[in-house]
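Here the structure is laid out as structure tokens; the discussion comes afterwards.
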Amino acid sequence: MAPADQTRKTASRDSPVASGDSDDIASRLLGWYDVHHRELPWRITPIEHARGVRPDPYRIWLSEVMLQQTTVEAVKAYFRVFVEKWPDVEALAAAPTEDVMKAWAGLGYYSRARNLKACADLVAQRGGRFPDTQTALRELPGIGAYTSAAITAIAFDRPAAVVDGNVERVISRLFSITTPLSEAKPEIRAHVERMVPGTRPGDFAQAMMDLGATVCTPRRPRCMLCPLREDCSAVISGDPEHFPVRLPKADKPLRRGAAFVAVRGDGAILLRKRAEKGLLGGMTEVPTTSWTARIDGGTTEAAAPFSANWRRAGQIAHVFTHFALELEVFHALIKGDAPEGHFWSPAHEISGEALPTVMKKAIETAIPGATKKPSPHSAKRPHD
């Protein structure tokens, strides 16, 4: 580690970034981005940008909502499905909510999908054009400080401080910010605001994200490839992985419950829809006991919503944002009509239902392969 006075010097106003040379920082970062940018399905390339091509605000908004709390790799396939089904905001607004929830299933954080549909409805009502300022964007459902800044910068090329987890890591290391990350966010944002260039602010925002995602990574950062290494206080101190500083995480509470996978003789599975509000709101599920983030539910077959020859199939574990969950899974073959508030989903339609990941796990535990999309080659030919 470097002496404390050296660390303070590199993070002080003698730093090129803090002393007003942020234009040089932005220029080097943009030069790096021109060569090393990621190819992403919602982006235009720097060459396209230079030729006058402009991003589609709909695609930028859709990608940014999907990317909240979700990795780029996980989002790519979902994004392609959405834009193929609904190529513009008017098409998404016209789609049934149930279809949107089905397309979102497995992406997690399902309030995003409900807000996505509500936002599309409102934008379509206003002529199908997204506003181009952070203030106006924040008035739309599901768009907060980060998303409004990202859309403003990337879609409309207006200066805005876009700060995601990647950018927080880059700035924390660049300035050796020792304040715990949970408390350092205003300081980080202030640094980014000073660095945003007047030209190509959208490319600058994406360059910062790409730098954090591909070079300034959480573990084993590739500092020798970084265009900002000469100015990085953490590189000079020799300990970039120390930043950002994080407080110890509190253990998540563990909740328990049970899930009941009922199957009809033809392979149909009994499902029901969850309440629109609350955890997994509006999604589809197999019957479960009344567990929540705060209380346990029943864990035995005695807690089943109706009588059947229930047999234990196994146990699943799932982690939500604020708690962990363990579900005992029970399986039964039943006959007759679906109980009130439930419905039978044919076996060939299960993969297309709006099932969150935790419910797919429960079904797979009872009936392996049931939630997988059938291969086109596996379909049976009709009898002659």
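By order in the structure tokens, chains are A, B, ...; within a chain, residues start at 1; ligands start at 1, following the order shown.
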
- Item | Exercise: Tyr78 of chain A partners within 9 Å, only C-alpha atoms, chain neighbours under 2 positions left out, as a VMD selection string | chain A and resid 66 74 to 76 80 to 83 103 to 104 107

Since we have the selection now, will you write its residues out, keeping C-alpha atoms, as a CSV table (one decimal), in the first residue's frame?
chain,number,residue,atom,x,y,z
A,66,MET,CA,-34.5,-5.1,-18.1
A,74,ALA,CA,-29.4,-12.7,-19.1
A,75,VAL,CA,-31.1,-9.7,-20.7
A,76,LYS,CA,-30.0,-10.3,-24.3
A,80,ARG,CA,-34.7,-10.0,-28.6
A,81,VAL,CA,-38.0,-11.7,-27.8
A,82,PHE,CA,-39.6,-8.5,-26.7
A,83,VAL,CA,-38.6,-6.5,-29.8
A,103,ALA,CA,-42.5,-13.0,-21.9
A,104,TRP,CA,-40.9,-11.6,-18.8
A,107,LEU,CA,-36.2,-12.4,-15.7

- Task: Per DSSP on the backbone, filter segment 122-342 of chain A down to the residues in helix (DSSP H, G or I) and report them as a ChimeraX atom specification.
- Result: /A:122-125,134-137,145-156,165-174,181-195,201-214,223-225,229-231,233-237,240-242,301-303

Give one line per residue of segment 294-359 of chain A that approaches segment 250-263 of chain A to at most 6 Å, naming the two atoms of the closest pair and their distance in Å to one decimal, counting only C-alpha atoms; sort by chain then ascending residue number and deliver it as CSV.
residue,atom,partner,partner_atom,distance
A:Asp296,CA,A:Arg256,CA,5.0
A:Gly297,CA,A:Gly257,CA,4.4
A:Gly298,CA,A:Gly257,CA,5.2
A:Thr299,CA,A:Gly257,CA,4.8
A:Phe323,CA,A:Lys252,CA,4.9
A:Ala324,CA,A:Leu254,CA,4.8
A:Leu325,CA,A:Arg255,CA,4.8
A:Glu326,CA,A:Arg256,CA,4.8
A:Leu327,CA,A:Ala258,CA,4.7
A:Glu328,CA,A:Ala258,CA,4.5
A:Val329,CA,A:Ala259,CA,4.9
A:Phe330,CA,A:Phe260,CA,4.9
A:His331,CA,A:Val261,CA,4.8
A:Ala332,CA,A:Ala262,CA,5.0
A:Leu333,CA,A:Val263,CA,4.9

Using only C-alpha atoms, find each residue in segment 92-155 of chain A having at least one atom no more than 12 Å away from segment 302-320 of chain A; report its shortest atom-to-atom pair and that distance in Å (one decimal), rows by chain then rising number, as JSON lines.
{"residue": "A:Gly108", "atom": "CA", "partner": "A:Phe320", "partner_atom": "CA", "distance": 9.2}
{"residue": "A:Tyr109", "atom": "CA", "partner": "A:Phe320", "partner_atom": "CA", "distance": 9.0}
{"residue": "A:Tyr110", "atom": "CA", "partner": "A:Phe320", "partner_atom": "CA", "distance": 11.6}

- Message: Let me make sure I understand: among A:Ala268, A:Val89, A:Ala207, A:Ala190, which one has the smallest atom-to-atom distance to Arg126 of chain A if we use only C-alpha atoms?
- Response: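 When distances to Arg126 of chain A are compared using only C-alpha atoms, the smallest one comes from A:Val89.
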
- Message: So that I can check the surroundings of segment 97-100 of chain A, please list as a list in words every protein, DNA and RNA residue that reaches within 9 Å of it, counting only C-alpha atoms and ignoring chain neighbours fewer than 3 positions away.
- Response: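 The residues satisfying every condition are Phe82, Leu92, Ala93, Ala94, Ala103, Trp104, Ala105, Ala113, Arg114, Leu116, Lys117, Gly282, Met283, Glu353 and Ala354 of chain A.
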
- Task: Name the residues in contact with Pro96 of chain A at a cut-off of 12 Å, using only C-alpha atoms, excluding same-chain residues fewer than 5 positions from it; report them as an MDAnalysis selection string.
- Result: chainID A and resid 85:86 91 101:103 114 117:118 120:121

- Query: Hey, can you check how far atom CA of Pro159 of chain A sits from atom CA of Ser233 of chain A?
  - Reply: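 Calculated distance between atom CA of Pro159 of chain A and atom CA of Ser233 of chain A is 25.5 Å.
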
- Message: Residues near Thr45 of chain A, anyone? I mean within 10 Å using only C-alpha atoms, not counting same-chain ones fewer than 5 positions away, as a ChimeraX atom specification.
- Response: /A:33-34,37-40,50-51,53-55,203

- Using only C-alpha atoms: which of A:Ala184, A:Asn166, A:Ala77, A:Val123 has the shortest distance to Gly106 of chain A: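 So, comparing all the options, the nearest one is A:Ala77.
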
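Each of A:Ile151, A:Ile363, A:Ile334, A:Leu67 was compared to Thr133 of chain A using only C-alpha atoms, and A:Ile151 turns out to be the nearest.
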